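Here's the structure, in structure tokens; my notes come after.
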Amino acid sequence: MEKLKMNLEGKNTALIVVDVQNDYCHPDGAIAKSGNDVSSVKKMMPNLCNLLDAAREHSVPIIFLQTNHDKTTDSEVWLSRFPDGVNPICKTGSWGAEFYEVEPQSIDIIVKKHRYSGFIHTMLESILRTLKIETLIITGVSTNLCVESTARDGFMLDYRIVLMNDACAAFSKEEHEMTLKTVDTYFGMVADTEQVVSFWRMNATKSPQFVT
């Protein structure tokens with residue numbers, strides 16, 4: 001709890017929600033259809049929703065990262081990841097690109113992204129600097145790809161990183177746990193939603209509220 005206190009107490013904090021979209025999360029989405037196991041997403045959604053509710057209750061800004069791909073973003077190198085050279089994931093304007101079981105509110109911020117990291121060619125850093133954010137609480141999918149890439153880049157840009165172990169999901173237990181260990185060792189810390197929510201509740205009258 002002391003490490004969590006160091007990262008949150010008196011720090012302007014934002015909650016980052018990475019790629020909670022149909023193609024990554026839904027059983028009928030592109031990732032599941034390619035043979036990946038998305039069952040862990042369903043398990044983590046109640047924790048994510050509780051964290052979202054608590055963030056709004058305590059005036060913590062929420063930023064949704066939303067992947068979109070089309071011919072203007074899919075470079076030859078990017079498409080080389082796919083055996084047939086065709087990217088079926090999160091096509092701009094498609095059902096697959098829509099949010100999965102979460103609905104950003106009018107006060108929330110949506111940042112479009114086109115690569116694993118939420119910092120690559122997006123407005124994310126500009127938004128964080130404008131809001132004077134110091135700590136990023138990171139959630140979403142998949143733990144070892146877009147979540148980890150965003151966490152790593154955030155740390156490199158001098159943000160404190162708190163990765164939510166029970167509000168992230170990967171397509172295998174091994175991939176999920178690998179990232180938890182890596183981030184906790186080198187790029188910040190790992191916590192669970194109850195720890196963060198409890199901290200906010202205990203410090204609601206002590207710490208300055210940050211209102212967007």
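Starting from 1 in every chain, residues are counted up; chains themselves are A, B, ... following the order of the structure tokens, and ligands are numbered from 1 as listed.
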
Contacts of Lys3 (chain A) at 10 Å (only C-alpha atoms; same-chain gap of 2+ positions) as a PDB file with N, CA and C atoms, in the first residue's frame:
```pdb
ATOM      1  N   MET A   1       0.830  -1.217   0.000  1.00  0.00           N
ATOM      2  CA  MET A   1       0.000   0.000   0.000  1.00  0.00           C
ATOM      3  C   MET A   1       0.857   1.256   0.000  1.00  0.00           C
ATOM      4  N   LYS A   5       0.504   4.476  -2.391  1.00  0.00           N
ATOM      5  CA  LYS A   5       0.401   5.815  -1.817  1.00  0.00           C
ATOM      6  C   LYS A   5       1.402   6.757  -2.480  1.00  0.00           C
ATOM      7  N   MET A   6       2.605   6.281  -2.710  1.00  0.00           N
ATOM      8  CA  MET A   6       3.643   7.096  -3.336  1.00  0.00           C
ATOM      9  C   MET A   6       3.242   7.518  -4.742  1.00  0.00           C
ATOM     10  N   ASN A   7       2.524   6.635  -5.450  1.00  0.00           N
ATOM     11  CA  ASN A   7       2.144   6.917  -6.831  1.00  0.00           C
ATOM     12  C   ASN A   7       0.852   7.717  -6.961  1.00  0.00           C
ATOM     13  N   LEU A   8       0.002   7.699  -5.930  1.00  0.00           N
ATOM     14  CA  LEU A   8      -1.303   8.347  -6.037  1.00  0.00           C
ATOM     15  C   LEU A   8      -1.488   9.561  -5.136  1.00  0.00           C
ATOM     16  N   VAL A 162       0.504   2.819 -12.842  1.00  0.00           N
ATOM     17  CA  VAL A 162      -0.155   1.844 -11.977  1.00  0.00           C
ATOM     18  C   VAL A 162      -1.000   0.945 -12.880  1.00  0.00           C
ATOM     19  N   GLY A 188       6.858   0.586 -13.370  1.00  0.00           N
ATOM     20  CA  GLY A 188       5.849   1.142 -12.478  1.00  0.00           C
ATOM     21  C   GLY A 188       5.468   0.150 -11.412  1.00  0.00           C
ATOM     22  N   MET A 189       4.170  -0.021 -11.213  1.00  0.00           N
ATOM     23  CA  MET A 189       3.708  -0.967 -10.211  1.00  0.00           C
ATOM     24  C   MET A 189       2.406  -1.607 -10.667  1.00  0.00           C
ATOM     25  N   VAL A 190       2.085  -2.736 -10.039  1.00  0.00           N
ATOM     26  CA  VAL A 190       0.840  -3.451 -10.304  1.00  0.00           C
ATOM     27  C   VAL A 190      -0.016  -3.401  -9.050  1.00  0.00           C
ATOM     28  N   ALA A 191      -1.313  -3.169  -9.229  1.00  0.00           N
ATOM     29  CA  ALA A 191      -2.251  -3.138  -8.103  1.00  0.00           C
ATOM     30  C   ALA A 191      -3.570  -3.738  -8.569  1.00  0.00           C
TER      31      ALA A 191
END
```

Per-residue DSSP, chain A, filtered to alpha helix (DSSP H), as a PyMOL selection string: chain A and resi 2-8+22-25+30-33+39-57+76-79+124-130+148-156+173-182+193-202

Residue with smallest distance to Gly118 (chain A) - pool A:Val197, A:Ile16, A:Ala54, A:Leu180, counting only C-alpha atoms: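 When distances to Gly118 (chain A) are compared using only C-alpha atoms, the smallest one comes from A:Ile16.
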
Those of region 158-207 of chain A in DSSP strand (DSSP E or B), formatted as a PyMOL selection string: chain A and resi 160-169+189-191

Residue nearest Leu52 (chain A) among A:Asn203, A:Asn144, A:Thr179, A:Thr139 (counting only C-alpha atoms):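 Comparing A:Asn203, A:Asn144, A:Thr179, A:Thr139 against Leu52 (chain A), the winner is A:Thr139.
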
For region 107-116 of chain A: contacts at 7 Å, only C-alpha atoms, fewer than 2 positions along chain excluded, given as number ranges by chain: A: 61-69, 73, 104-105, 118, 120, 122-124, 145-146, 149
